[in-house]
>>> print(open('entry_7.txt').read())   # compact mmCIF, C-alpha atoms and all ligand atoms
# COMPACT_ATOMS: atom_id res chain seq x y z
CA MET A 941 -61.33 -69.14 178.15
CA ILE A 942 -61.76 -70.10 174.52
CA LEU A 943 -59.50 -68.98 171.69
CA ARG A 944 -61.92 -69.07 168.78
CA ALA A 945 -61.12 -69.98 165.18
CA ALA A 946 -57.39 -69.56 165.46
CA ASN A 947 -54.75 -70.81 163.07
CA VAL A 948 -53.00 -73.12 165.47
CA VAL A 949 -49.41 -74.20 164.90
CA LEU A 950 -49.45 -77.85 165.86
CA LYS A 951 -46.55 -80.23 165.52
CA ASP A 952 -47.88 -81.65 162.24
CA GLY A 953 -49.10 -78.45 160.64
CA VAL A 954 -51.32 -75.41 160.99
CA LYS A 955 -55.01 -76.10 161.63
CA LYS A 956 -58.07 -73.89 162.15
CA CYS A 957 -59.08 -74.73 165.73
CA ASP A 958 -60.75 -73.60 168.91
CA ILE A 959 -58.59 -73.96 172.00
CA ARG A 960 -60.28 -74.24 175.39
CA ILE A 961 -58.19 -73.33 178.42
CA ALA A 962 -59.06 -74.41 181.94
CA ASP A 963 -57.01 -74.25 185.14
CA GLY A 964 -54.06 -72.82 183.25
CA ARG A 965 -53.83 -75.76 180.88
CA ILE A 966 -55.04 -76.62 177.41
CA ALA A 967 -58.27 -78.55 178.04
CA GLU A 968 -59.47 -79.11 174.50
CA ILE A 969 -58.38 -78.53 170.92
CA SER A 970 -61.22 -78.94 168.45
CA PRO A 971 -61.95 -78.04 164.82
CA ALA A 972 -63.18 -74.43 164.78
CA GLY A 973 -66.81 -74.20 165.91
CA LYS A 974 -66.93 -77.78 167.19
CA GLY A 975 -65.78 -77.21 170.79
CA LYS A 976 -68.10 -78.57 173.50
CA GLY A 977 -67.16 -76.91 176.79
CA SER A 978 -68.45 -73.52 177.91
CA ALA A 979 -66.18 -70.59 178.67
CA GLU A 980 -66.27 -67.42 180.71
CA SER A 981 -64.46 -65.46 178.04
CA VAL A 982 -63.84 -65.78 174.33
CA LEU A 983 -60.87 -64.45 172.44
CA GLU A 984 -61.68 -64.11 168.75
CA CYS A 985 -58.63 -65.28 166.81
CA GLN A 986 -59.94 -65.45 163.21
CA ASN A 987 -56.99 -63.64 161.70
CA LEU A 988 -54.42 -64.66 164.26
CA THR A 989 -51.95 -67.52 164.56
CA VAL A 990 -51.34 -69.31 167.82
CA PHE A 991 -47.81 -70.58 168.50
CA PRO A 992 -46.62 -72.55 171.48
CA GLY A 993 -45.20 -69.96 173.88
CA LEU A 994 -41.73 -69.11 172.64
CA ILE A 995 -38.81 -70.31 174.75
CA ASP A 996 -35.49 -68.48 174.75
CA MET A 997 -32.78 -70.60 176.30
CA HIS A 998 -30.17 -67.83 176.14
CA VAL A 999 -30.85 -64.38 177.57
CA HIS A 1000 -29.04 -61.94 179.86
CA LEU A 1001 -31.35 -60.34 182.43
CA ARG A 1002 -28.51 -58.48 184.20
CA GLU A 1003 -30.03 -58.79 187.69
CA PRO A 1004 -28.44 -58.97 190.20
CA GLY A 1005 -25.77 -56.33 189.75
CA PHE A 1006 -26.38 -54.57 186.45
CA GLU A 1007 -29.89 -53.21 186.98
CA LYS A 1008 -28.95 -50.11 185.01
CA LYS A 1009 -28.91 -52.32 181.89
CA GLU A 1010 -31.95 -54.49 182.68
CA THR A 1011 -33.84 -55.99 185.60
CA ILE A 1012 -35.68 -59.27 185.88
CA GLU A 1013 -38.89 -57.25 185.66
CA THR A 1014 -38.00 -55.26 182.52
CA GLY A 1015 -36.45 -58.36 180.95
CA ALA A 1016 -39.61 -60.36 181.62
CA MET A 1017 -41.77 -57.53 180.22
CA SER A 1018 -39.59 -57.57 177.14
CA ALA A 1019 -39.92 -61.37 176.92
CA VAL A 1020 -43.72 -61.48 176.99
CA LYS A 1021 -43.87 -58.57 174.54
CA GLY A 1022 -41.79 -60.72 172.22
CA GLY A 1023 -44.06 -63.77 172.62
CA PHE A 1024 -41.76 -65.59 175.04
CA THR A 1025 -43.31 -67.53 177.90
CA GLN A 1026 -40.05 -69.01 179.21
CA VAL A 1027 -36.51 -67.65 179.27
CA CYS A 1028 -33.26 -69.04 180.63
CA CYS A 1029 -30.89 -66.43 182.04
CA MET A 1030 -27.13 -66.56 181.84
CA PRO A 1031 -24.98 -66.33 184.96
CA ASN A 1032 -22.70 -63.37 184.10
CA THR A 1033 -24.35 -61.17 186.72
CA LYS A 1034 -22.83 -59.55 189.84
CA PRO A 1035 -22.64 -61.66 191.92
CA VAL A 1036 -22.29 -64.43 189.36
CA ILE A 1037 -24.99 -67.12 189.47
CA ASP A 1038 -22.58 -69.70 190.85
CA ASN A 1039 -24.39 -70.98 193.95
CA LYS A 1040 -27.86 -71.93 195.14
CA ILE A 1041 -28.45 -68.61 196.93
CA VAL A 1042 -28.29 -66.59 193.71
CA VAL A 1043 -30.36 -69.22 191.89
CA SER A 1044 -33.00 -68.98 194.65
CA TYR A 1045 -32.94 -65.18 194.45
CA ILE A 1046 -33.79 -65.32 190.74
CA LYS A 1047 -36.56 -67.87 191.35
CA ALA A 1048 -37.99 -65.55 194.02
CA ARG A 1049 -37.88 -62.60 191.61
CA GLU A 1050 -39.57 -64.74 188.96
CA LYS A 1051 -42.53 -65.20 191.33
CA GLU A 1052 -42.65 -61.51 192.34
CA VAL A 1053 -42.55 -60.29 188.78
CA ASN A 1054 -45.06 -62.97 187.72
CA LEU A 1055 -44.84 -62.50 183.95
CA CYS A 1056 -42.99 -65.35 182.22
CA LYS A 1057 -41.22 -68.44 183.52
CA ILE A 1058 -37.58 -67.75 184.30
CA HIS A 1059 -34.97 -70.47 184.54
CA PRO A 1060 -31.52 -69.59 185.88
CA ILE A 1061 -28.41 -71.04 184.30
CA GLY A 1062 -25.58 -71.66 186.74
CA ALA A 1063 -21.95 -70.78 186.08
CA ILE A 1064 -19.48 -73.58 185.35
CA THR A 1065 -16.79 -72.16 187.63
CA GLU A 1066 -16.90 -70.09 190.82
CA GLY A 1067 -17.18 -66.43 189.88
CA GLN A 1068 -16.68 -67.45 186.24
CA LYS A 1069 -12.99 -67.25 187.06
CA GLY A 1070 -12.12 -70.51 185.32
CA GLU A 1071 -10.43 -71.98 188.41
CA ASN A 1072 -12.79 -74.13 190.52
CA LEU A 1073 -16.01 -75.82 189.54
CA ALA A 1074 -19.16 -74.18 190.94
CA ALA A 1075 -21.50 -76.23 193.16
CA ILE A 1076 -23.57 -77.69 190.35
CA GLY A 1077 -25.75 -80.04 192.42
CA GLY A 1078 -26.86 -77.28 194.80
CA MET A 1079 -27.72 -74.99 191.92
CA LYS A 1080 -29.75 -77.70 190.24
CA ALA A 1081 -31.66 -78.38 193.47
CA ALA A 1082 -32.48 -74.64 193.68
CA GLY A 1083 -33.80 -74.52 190.12
CA ALA A 1084 -30.89 -74.11 187.67
CA VAL A 1085 -31.65 -75.80 184.35
CA ALA A 1086 -28.16 -75.82 182.80
CA ILE A 1087 -24.62 -74.61 183.34
CA SER A 1088 -22.67 -72.17 181.22
CA GLU A 1089 -19.67 -69.86 181.41
CA ASP A 1090 -21.33 -67.59 178.81
CA GLY A 1091 -19.38 -64.48 178.02
CA LYS A 1092 -16.24 -66.58 177.96
CA THR A 1093 -14.81 -70.03 177.42
CA VAL A 1094 -13.45 -72.25 180.20
CA VAL A 1095 -9.81 -72.13 179.13
CA ASN A 1096 -8.59 -75.16 181.08
CA THR A 1097 -9.62 -78.21 179.04
CA LYS A 1098 -9.40 -80.66 181.94
CA LEU A 1099 -11.68 -78.44 184.02
CA MET A 1100 -14.14 -78.27 181.13
CA ALA A 1101 -14.06 -82.06 180.80
CA ASN A 1102 -14.88 -82.38 184.51
CA ALA A 1103 -17.69 -79.84 184.15
CA MET A 1104 -19.21 -81.81 181.29
CA LEU A 1105 -19.01 -85.05 183.30
CA TYR A 1106 -20.57 -83.49 186.40
CA ALA A 1107 -23.29 -81.77 184.34
CA ALA A 1108 -24.13 -85.08 182.67
CA ASP A 1109 -24.34 -86.79 186.08
CA PHE A 1110 -26.82 -84.15 187.22
CA GLY A 1111 -28.78 -84.39 183.97
CA LEU A 1112 -27.91 -80.81 183.03
CA LYS A 1113 -26.62 -79.55 179.70
CA CYS A 1114 -23.38 -77.64 179.45
CA LEU A 1115 -23.96 -74.59 177.21
CA CYS A 1116 -20.68 -73.55 175.60
CA HIS A 1117 -19.67 -70.04 174.60
CA CYS A 1118 -16.89 -70.81 172.14
CA GLU A 1119 -14.13 -68.25 171.94
CA ASP A 1120 -10.36 -68.66 172.04
CA ALA A 1121 -9.46 -65.36 173.71
CA SER A 1122 -5.81 -65.56 172.64
CA LEU A 1123 -6.88 -65.65 169.00
CA VAL A 1124 -9.55 -62.96 169.38
CA ASP A 1125 -6.78 -60.83 170.87
CA GLY A 1126 -8.89 -57.70 171.26
CA GLY A 1127 -10.77 -58.12 167.97
CA VAL A 1128 -14.13 -56.36 167.95
CA VAL A 1129 -15.55 -57.38 164.56
CA HIS A 1130 -15.21 -60.25 162.08
CA GLU A 1131 -11.86 -60.21 160.30
CA GLY A 1132 -12.43 -59.60 156.61
CA TYR A 1133 -12.93 -56.89 154.01
CA TYR A 1134 -14.92 -54.64 156.35
CA SER A 1135 -12.46 -54.87 159.23
CA THR A 1136 -9.76 -53.79 156.78
CA LEU A 1137 -11.94 -51.00 155.39
CA THR A 1138 -12.84 -49.60 158.82
CA GLY A 1139 -9.54 -50.28 160.52
CA LEU A 1140 -11.41 -52.07 163.31
CA LYS A 1141 -9.52 -55.04 164.71
CA GLY A 1142 -10.86 -58.31 163.38
CA SER A 1143 -11.36 -61.72 164.89
CA VAL A 1144 -11.09 -64.84 162.72
CA ARG A 1145 -13.59 -67.69 162.45
CA ALA A 1146 -10.98 -70.03 163.90
CA ALA A 1147 -11.28 -68.27 167.26
CA GLU A 1148 -14.80 -69.67 167.50
CA ASP A 1149 -14.29 -72.91 165.55
CA ILE A 1150 -11.32 -74.14 167.59
CA VAL A 1151 -13.37 -74.12 170.78
CA ILE A 1152 -16.43 -75.63 169.06
CA ALA A 1153 -14.11 -78.43 167.91
CA ARG A 1154 -12.69 -78.86 171.41
CA GLU A 1155 -16.13 -79.14 173.00
CA LEU A 1156 -17.19 -81.65 170.34
CA CYS A 1157 -14.04 -83.72 170.97
CA LEU A 1158 -14.75 -83.71 174.72
CA ALA A 1159 -18.40 -84.70 174.27
CA GLU A 1160 -17.41 -87.46 171.89
CA SER A 1161 -14.61 -88.92 173.95
CA LEU A 1162 -16.48 -88.64 177.27
CA GLY A 1163 -19.77 -89.84 175.78
CA VAL A 1164 -21.73 -86.92 177.24
CA PRO A 1165 -24.00 -84.30 175.67
CA VAL A 1166 -22.96 -80.74 174.89
CA HIS A 1167 -24.73 -77.64 173.58
CA ILE A 1168 -22.98 -75.03 171.43
CA CYS A 1169 -24.07 -71.42 171.93
CA HIS A 1170 -24.65 -68.77 169.24
CA VAL A 1171 -23.00 -70.41 166.22
CA SER A 1172 -21.91 -67.70 163.78
CA THR A 1173 -19.50 -69.36 161.31
CA TYR A 1174 -20.09 -71.57 158.26
CA SER A 1175 -17.22 -73.72 159.43
CA GLY A 1176 -18.74 -74.11 162.90
CA VAL A 1177 -21.98 -75.31 161.30
CA GLN A 1178 -20.00 -77.88 159.32
CA LEU A 1179 -18.12 -79.11 162.43
CA ILE A 1180 -21.43 -79.65 164.22
CA ARG A 1181 -23.04 -81.30 161.18
CA GLU A 1182 -20.17 -83.80 160.93
CA ALA A 1183 -20.22 -84.50 164.67
CA LYS A 1184 -23.97 -85.16 164.59
CA ALA A 1185 -23.50 -87.50 161.65
CA ARG A 1186 -21.14 -89.68 163.66
CA GLY A 1187 -23.40 -89.74 166.69
CA VAL A 1188 -21.94 -87.09 168.99
CA GLN A 1189 -24.65 -85.86 171.40
CA VAL A 1190 -24.52 -82.24 170.34
CA THR A 1191 -27.22 -79.60 170.06
CA ALA A 1192 -26.67 -76.05 168.88
CA GLU A 1193 -28.25 -72.63 168.66
CA THR A 1194 -27.93 -69.50 166.57
CA CYS A 1195 -29.44 -65.99 166.76
CA PRO A 1196 -31.47 -63.81 164.38
CA HIS A 1197 -28.56 -61.41 163.80
CA TYR A 1198 -26.42 -64.21 162.39
CA PHE A 1199 -28.96 -65.26 159.75
CA THR A 1200 -30.15 -61.73 158.95
CA LEU A 1201 -27.07 -59.51 158.82
CA THR A 1202 -23.58 -59.49 157.35
CA ASP A 1203 -20.49 -57.60 158.47
CA GLU A 1204 -21.10 -54.88 155.90
CA ILE A 1205 -23.22 -53.12 158.56
CA ILE A 1206 -20.12 -52.26 160.60
CA LYS A 1207 -18.99 -49.75 157.99
CA ASP A 1208 -20.92 -46.94 159.71
CA PHE A 1209 -19.24 -47.70 163.07
CA ASP A 1210 -22.63 -48.15 164.73
CA THR A 1211 -21.81 -49.79 168.06
CA ASN A 1212 -25.24 -51.49 168.05
CA THR A 1213 -23.69 -53.89 165.52
CA LYS A 1214 -21.02 -54.94 168.03
CA VAL A 1215 -21.76 -58.41 169.33
CA ASN A 1216 -19.80 -61.45 170.39
CA PRO A 1217 -19.32 -63.59 168.35
CA PRO A 1218 -19.25 -60.96 165.60
CA ILE A 1219 -21.59 -60.73 162.64
CA ARG A 1220 -19.80 -62.45 159.78
CA GLU A 1221 -20.06 -62.76 155.99
CA GLU A 1222 -22.75 -63.78 153.50
CA ARG A 1223 -21.20 -67.23 153.25
CA ASP A 1224 -21.72 -67.69 157.00
CA ARG A 1225 -25.24 -66.27 156.94
CA LEU A 1226 -26.30 -68.69 154.21
CA ALA A 1227 -24.67 -71.67 155.96
CA ILE A 1228 -26.54 -70.81 159.16
CA ILE A 1229 -29.86 -70.80 157.32
CA GLU A 1230 -28.87 -74.14 155.75
CA GLY A 1231 -27.95 -75.45 159.21
CA LEU A 1232 -31.37 -74.44 160.56
CA LYS A 1233 -33.04 -76.13 157.58
CA ASP A 1234 -31.23 -79.45 157.83
CA GLY A 1235 -31.40 -79.65 161.63
CA THR A 1236 -27.71 -79.07 162.34
CA LEU A 1237 -28.80 -76.00 164.30
CA ASP A 1238 -31.58 -77.07 166.65
CA CYS A 1239 -32.86 -73.77 167.92
CA ILE A 1240 -33.01 -70.01 167.69
CA VAL A 1241 -32.12 -67.95 170.76
CA THR A 1242 -31.77 -64.19 171.12
CA ASP A 1243 -28.63 -63.90 173.27
CA HIS A 1244 -30.63 -60.88 174.52
CA ALA A 1245 -27.80 -58.67 175.83
CA PRO A 1246 -29.27 -55.34 176.92
CA HIS A 1247 -26.83 -52.50 177.59
CA HIS A 1248 -27.21 -48.94 178.84
CA ALA A 1249 -26.68 -46.12 176.32
CA ASP A 1250 -23.51 -45.20 178.28
CA ASP A 1251 -22.03 -48.59 177.32
CA LYS A 1252 -22.77 -48.09 173.62
CA ASN A 1253 -22.34 -44.32 173.03
CA VAL A 1254 -18.56 -44.62 172.94
CA GLU A 1255 -15.95 -45.42 170.31
CA TYR A 1256 -16.46 -48.83 168.68
CA ASN A 1257 -13.43 -50.33 170.40
CA PHE A 1258 -14.73 -49.42 173.85
CA ALA A 1259 -18.41 -50.29 173.36
CA ALA A 1260 -19.98 -53.28 175.10
CA PHE A 1261 -20.78 -56.38 173.06
CA GLY A 1262 -24.43 -57.30 172.71
CA ILE A 1263 -27.83 -56.88 171.08
CA SER A 1264 -31.19 -56.42 172.80
CA GLY A 1265 -33.15 -59.17 171.07
CA LEU A 1266 -36.30 -60.35 172.83
CA GLU A 1267 -38.71 -58.00 171.08
CA THR A 1268 -37.44 -58.51 167.55
CA SER A 1269 -36.60 -62.22 167.48
CA PHE A 1270 -39.94 -63.61 166.40
CA ALA A 1271 -40.58 -61.05 163.64
CA LEU A 1272 -37.01 -61.27 162.32
CA SER A 1273 -37.12 -65.07 162.31
CA TYR A 1274 -40.56 -65.23 160.71
CA THR A 1275 -39.69 -62.63 158.08
CA GLN A 1276 -36.25 -64.02 157.26
CA LEU A 1277 -36.89 -67.75 157.51
CA VAL A 1278 -40.58 -68.41 156.87
CA LYS A 1279 -41.31 -65.62 154.40
CA GLY A 1280 -37.86 -66.28 152.97
CA GLY A 1281 -38.89 -69.87 152.27
CA ALA A 1282 -36.36 -71.69 154.47
CA LEU A 1283 -38.72 -72.96 157.20
CA THR A 1284 -42.40 -73.78 157.58
CA LEU A 1285 -44.37 -72.30 160.48
CA GLU A 1286 -44.18 -75.68 162.25
CA ALA A 1287 -40.41 -75.74 161.80
CA LEU A 1288 -40.16 -72.21 163.20
CA ALA A 1289 -42.21 -73.28 166.25
CA GLN A 1290 -39.84 -76.23 166.61
CA LYS A 1291 -36.76 -73.95 166.59
CA MET A 1292 -38.23 -71.32 168.92
CA SER A 1293 -40.16 -73.48 171.37
CA ALA A 1294 -40.14 -77.29 171.14
CA ALA A 1295 -36.38 -77.71 170.67
CA PRO A 1296 -35.27 -75.56 173.61
CA ALA A 1297 -37.85 -77.31 175.81
CA GLN A 1298 -36.45 -80.65 174.71
CA ILE A 1299 -32.80 -79.66 175.12
CA LEU A 1300 -33.31 -78.35 178.68
CA ASN A 1301 -36.06 -80.75 179.68
CA LEU A 1302 -38.59 -77.96 180.32
CA GLU A 1303 -42.33 -78.46 180.37
CA GLY A 1304 -43.93 -76.90 177.30
CA GLY A 1305 -42.94 -76.30 173.71
CA GLU A 1306 -46.00 -77.82 172.10
CA ILE A 1307 -49.72 -77.07 171.84
CA LYS A 1308 -51.46 -80.21 173.04
CA VAL A 1309 -54.17 -81.17 175.50
CA GLY A 1310 -52.84 -81.21 179.04
CA ALA A 1311 -49.91 -78.87 178.36
CA PRO A 1312 -49.64 -75.55 180.22
CA ALA A 1313 -51.51 -72.86 178.28
CA ASP A 1314 -48.33 -71.00 177.37
CA LEU A 1315 -49.17 -69.40 174.05
CA ALA A 1316 -48.01 -66.64 171.72
CA ILE A 1317 -50.82 -65.23 169.58
CA VAL A 1318 -49.52 -63.40 166.56
CA ASP A 1319 -50.78 -61.44 163.57
CA LEU A 1320 -48.50 -62.75 160.83
CA ASN A 1321 -49.79 -60.27 158.27
CA GLU A 1322 -49.01 -57.16 160.27
CA GLU A 1323 -46.05 -55.29 158.91
CA TRP A 1324 -44.26 -53.03 161.38
CA VAL A 1325 -41.06 -51.06 161.73
CA ILE A 1326 -38.65 -51.88 164.54
CA ASP A 1327 -38.30 -48.91 166.89
CA PRO A 1328 -36.12 -49.43 169.96
CA ASN A 1329 -37.86 -46.54 171.72
CA GLU A 1330 -40.89 -48.80 171.97
CA PHE A 1331 -38.96 -51.64 173.63
CA ALA A 1332 -40.05 -52.68 177.11
CA SER A 1333 -36.45 -53.72 177.64
CA LYS A 1334 -34.12 -51.12 179.12
CA GLY A 1335 -31.66 -52.14 176.40
CA LYS A 1336 -32.38 -50.09 173.27
CA ASN A 1337 -29.27 -51.52 171.60
CA THR A 1338 -30.36 -53.02 168.31
CA PRO A 1339 -28.88 -52.91 164.82
CA PHE A 1340 -32.41 -53.45 163.44
CA ALA A 1341 -33.90 -49.99 164.13
CA GLY A 1342 -35.93 -48.88 161.12
CA ARG A 1343 -36.18 -52.38 159.64
CA LYS A 1344 -39.56 -53.50 158.26
CA VAL A 1345 -40.68 -56.88 159.50
CA TYR A 1346 -43.79 -59.05 159.53
CA GLY A 1347 -45.43 -60.73 162.50
CA LYS A 1348 -46.70 -58.80 165.51
CA VAL A 1349 -47.30 -60.43 168.87
CA LYS A 1350 -50.86 -59.62 169.97
CA TYR A 1351 -51.22 -61.67 173.15
CA THR A 1352 -48.90 -63.74 175.29
CA LEU A 1353 -50.48 -66.21 177.70
CA VAL A 1354 -48.61 -67.89 180.52
CA ASN A 1355 -50.44 -70.68 182.35
CA GLY A 1356 -53.62 -69.43 180.69
CA GLU A 1357 -53.25 -65.84 181.92
CA ILE A 1358 -52.84 -62.93 179.53
CA LYS A 1359 -49.46 -61.44 180.45
CA TYR A 1360 -49.15 -59.19 177.42
CA GLN A 1361 -51.70 -57.67 175.12
CA ASN A 1362 -51.12 -55.37 172.16
O1 LIG A 1401 -22.49 -60.04 172.72
C1 LIG A 1401 -22.44 -60.62 173.79
N1 LIG A 1401 -22.95 -60.08 174.91
N2 LIG A 1401 -21.84 -61.81 173.85
C2 LIG A 1401 -21.59 -62.44 175.00
O2 LIG A 1401 -21.04 -63.49 174.98
C3 LIG A 1401 -21.98 -61.81 176.29
C4 LIG A 1401 -23.08 -60.86 176.11
C5 LIG A 1401 -23.26 -59.94 177.28
O3 LIG A 1401 -23.34 -60.45 178.42
O4 LIG A 1401 -23.36 -58.74 177.10
ZN ZN A 1402 -21.92 -65.99 174.63
ZN ZN A 1403 -24.91 -64.72 175.90
>>> encode(input="entry_7.txt", output="structure tokens")
Amino acid sequence: MILRAANVVLKDGVKKCDIRIADGRIAEISPAGKGKGSAESVLECQNLTVFPGLIDMHVHLREPGFEKKETIETGAMSAVKGGFTQVCCMPNTKPVIDNKIVVSYIKAREKEVNLCKIHPIGAITEGQKGENLAAIGGMKAAGAVAISEDGKTVVNTKLMANAMLYAADFGLKCLCHCEDASLVDGGVVHEGYYSTLTGLKGSVRAAEDIVIARELCLAESLGVPVHICHVSTYSGVQLIREAKARGVQVTAETCPHYFTLTDEIIKDFDTNTKVNPPIREERDRLAIIEGLKDGTLDCIVTDHAPHHADDKNVEYNFAAFGISGLETSFALSYTQLVKGGALTLEALAQKMSAAPAQILNLEGGEIKVGAPADLAIVDLNEEWVIDPNEFASKGKNTPFAGRKVYGKVKYTLVNGEIKYQN
């Protein structure tokens, strides 16, 4: 196959190129019209932009156990519709991904579904109970690419230190959900003006920052790497920036909702705005954009957390935390960050593909000869309105319904095969 005359997002800039794909890999990248090889099929890409297949290192696919919210199949359909060719799924399923059998089950489902690449993330402790370490080596052998207790923090610091040491020995990253539950104390939104206005119980930045600081201290004193999940506070960004400056091996992620929204949106009590950590203030939003710009925040993830309507159509206090994000992440990030002037297209590709590949040691993340032909082909000029009813995901829970965005995914290729076409 040849992708003809595409705007290709390469590491060093966007160039007008032809891309020839053979045997599932990129065989040739040549200036448009100069390609030599023949092809069985040609995809005209004159007005389209080709990105390295997006990689989301933080999603919840809900299978096994919560298939009412999402399955590996609907999650993978949602991923390719969003331009993602690889996703890493968190272990808070039922049963928890805490042993090689569950890891193998997900790898088997990945093959059956045959849409995007799916990498399981193993739990840090058995059953995510925070008591005994899970069998990390076995999970790695079965295909786990990281460990995480996502959904909660490992409360026992000594246990967390051991987890970080073991993970480092196995060459796996520890992905940390940072939340001091005693400080959150039932809070459902960010504590500030809007929590006071609505009467909803707030949660302070310190609840997140204290655990970020703990994980940084552990990484620094043990001399091992650590990855901080879904950073939402200005102060968390600053803690990570300072740690990086003194050589701590830390990487970090944030999500589109944290650089797009502020807590003002809770004033209508829409439970689709309920997410953990909570959406914070303008000061935080701006600091997160600054953190993405200066490299403090390495990557953008969705924290795709699909829920059934039954989990959201209840009073705010009782609603589930989470946003269905796979199908809006690219357009929100492009609109907010590239059109907003914070990042170049190459930098966006870095945050949404190359960096996660690097952090988790996955193949892919860059368009170059020899790499798997994992590609997201996008019309950057197409303006569209987010409508959750059109989501392939079972989770229609988004605070972005009705929002105008730019950038529509037209094709997603995985190993050279078209897995999604709009
Ligand atoms: O909003 C969230 N939803 N935050 C989490 O940490 C967990 C996730 C979920 O699993 O629903
Ligand atoms: Zn989390
Ligand atoms: Zn999560």
>>> closest_residue(input="entry_7.txt", among="A:Val1188, A:Gln1298, A:Gly1126, A:Leu1315", to="Phe1258 in chain A", atoms="only C-alpha atoms")
A:Gly1126
>>> closest_residue(input="entry_7.txt", among="A:Asp1251, A:Glu968, A:Glu1221, A:Asp996", to="Leu1300 in chain A", atoms="only C-alpha atoms")
A:Asp996
>>> residues_around(input="entry_7.txt", residues="Gln1361 in chain A", least_positions_apart="4", cutoff="7 Å", atoms="all atoms listed in the file", output="PDB file with C-alpha atoms, keeping the file's coordinate frame")
ATOM      1  CA  LYS A1350     -50.860 -59.620 169.970  1.00  0.00           C
ATOM      2  CA  TYR A1351     -51.220 -61.670 173.150  1.00  0.00           C
ATOM      3  CA  THR A1352     -48.900 -63.740 175.290  1.00  0.00           C
TER       4      THR A1352
END
>>> residues_near_ligand(input="entry_7.txt", ligand="ligand LIG 1401 (chain A)", cutoff="7 Å", atoms="only C-alpha atoms and all ligand atoms", output="list in words")
His1000, Asn1032, Asp1090, Gly1091, Lys1092, His1117, Val1215, Asn1216, Pro1217, Asp1243, Ala1245, Pro1246, Ala1260, Phe1261, Gly1262 and Ile1263 of chain A
>>> closest_atom_pairs(input="entry_7.txt", of="range 1180-1259 of chain A", to="range 989-994 of chain A", cutoff="12 Å", atoms="only C-alpha atoms", output="JSON lines")
{"residue": "A:Cys1239", "atom": "CA", "partner": "A:Leu994", "partner_atom": "CA", "distance": 11.1}
{"residue": "A:Ile1240", "atom": "CA", "partner": "A:Leu994", "partner_atom": "CA", "distance": 10.1}
{"residue": "A:Val1241", "atom": "CA", "partner": "A:Leu994", "partner_atom": "CA", "distance": 9.9}
{"residue": "A:Thr1242", "atom": "CA", "partner": "A:Leu994", "partner_atom": "CA", "distance": 11.2}
>>> write_last_selection(input="entry_7.txt", atoms="C-alpha atoms", output="mmCIF file, in the frame of the given file")
data_model
loop_
_atom_site.group_PDB
_atom_site.id
_atom_site.type_symbol
_atom_site.label_atom_id
_atom_site.label_comp_id
_atom_site.auth_asym_id
_atom_site.auth_seq_id
_atom_site.Cartn_x
_atom_site.Cartn_y
_atom_site.Cartn_z
ATOM 1 C CA CYS A 1239 -32.860 -73.770 167.920
ATOM 2 C CA ILE A 1240 -33.010 -70.010 167.690
ATOM 3 C CA VAL A 1241 -32.120 -67.950 170.760
ATOM 4 C CA THR A 1242 -31.770 -64.190 171.120
#
>>> closest_residue(input="entry_7.txt", among="A:Lys1334, A:Lys1021, A:Lys955, A:Lys1214", to="Phe1006 in chain A", atoms="all atoms listed in the file")
A:Lys1334
>>> closest_residue(input="entry_7.txt", among="A:Thr1338, A:Gln1290, A:Thr1268, A:Ser1143", to="Gly1023 in chain A", atoms="only C-alpha atoms")
A:Thr1268
>>> residues_around(input="entry_7.txt", residues="Glu1267 in chain A", least_positions_apart="3", cutoff="9 Å", atoms="only C-alpha atoms", output="ChimeraX atom specification")
/A:1018-1023,1264,1270-1271,1326,1331-1333
>>> write_last_selection(input="entry_7.txt", atoms="C-alpha atoms", output="PDB file, keeping the file's coordinate frame")
ATOM      1  CA  SER A1018     -39.590 -57.570 177.140  1.00  0.00           C
ATOM      2  CA  ALA A1019     -39.920 -61.370 176.920  1.00  0.00           C
ATOM      3  CA  VAL A1020     -43.720 -61.480 176.990  1.00  0.00           C
ATOM      4  CA  LYS A1021     -43.870 -58.570 174.540  1.00  0.00           C
ATOM      5  CA  GLY A1022     -41.790 -60.720 172.220  1.00  0.00           C
ATOM      6  CA  GLY A1023     -44.060 -63.770 172.620  1.00  0.00           C
ATOM      7  CA  SER A1264     -31.190 -56.420 172.800  1.00  0.00           C
ATOM      8  CA  PHE A1270     -39.940 -63.610 166.400  1.00  0.00           C
ATOM      9  CA  ALA A1271     -40.580 -61.050 163.640  1.00  0.00           C
ATOM     10  CA  ILE A1326     -38.650 -51.880 164.540  1.00  0.00           C
ATOM     11  CA  PHE A1331     -38.960 -51.640 173.630  1.00  0.00           C
ATOM     12  CA  ALA A1332     -40.050 -52.680 177.110  1.00  0.00           C
ATOM     13  CA  SER A1333     -36.450 -53.720 177.640  1.00  0.00           C
TER      14      SER A1333
END
>>> residues_around(input="entry_7.txt", residues="Asp1234 in chain A", least_positions_apart="4", cutoff="12 Å", atoms="all atoms listed in the file", output="MDAnalysis selection string")
chainID A and resid 1177:1178 1180:1181 1184:1185 1227:1230 1238:1239 1282:1283 1287 1291
>>> write_last_selection(input="entry_7.txt", atoms="C-alpha atoms", output="compact mmCIF listing (two decimals), in the coordinates of the input")
# COMPACT_ATOMS: atom_id res chain seq x y z
CA VAL A 1177 -21.98 -75.31 161.30
CA GLN A 1178 -20.00 -77.88 159.32
CA ILE A 1180 -21.43 -79.65 164.22
CA ARG A 1181 -23.04 -81.30 161.18
CA LYS A 1184 -23.97 -85.16 164.59
CA ALA A 1185 -23.50 -87.50 161.65
CA ALA A 1227 -24.67 -71.67 155.96
CA ILE A 1228 -26.54 -70.81 159.16
CA ILE A 1229 -29.86 -70.80 157.32
CA GLU A 1230 -28.87 -74.14 155.75
CA ASP A 1238 -31.58 -77.07 166.65
CA CYS A 1239 -32.86 -73.77 167.92
CA ALA A 1282 -36.36 -71.69 154.47
CA LEU A 1283 -38.72 -72.96 157.20
CA ALA A 1287 -40.41 -75.74 161.80
CA LYS A 1291 -36.76 -73.95 166.59
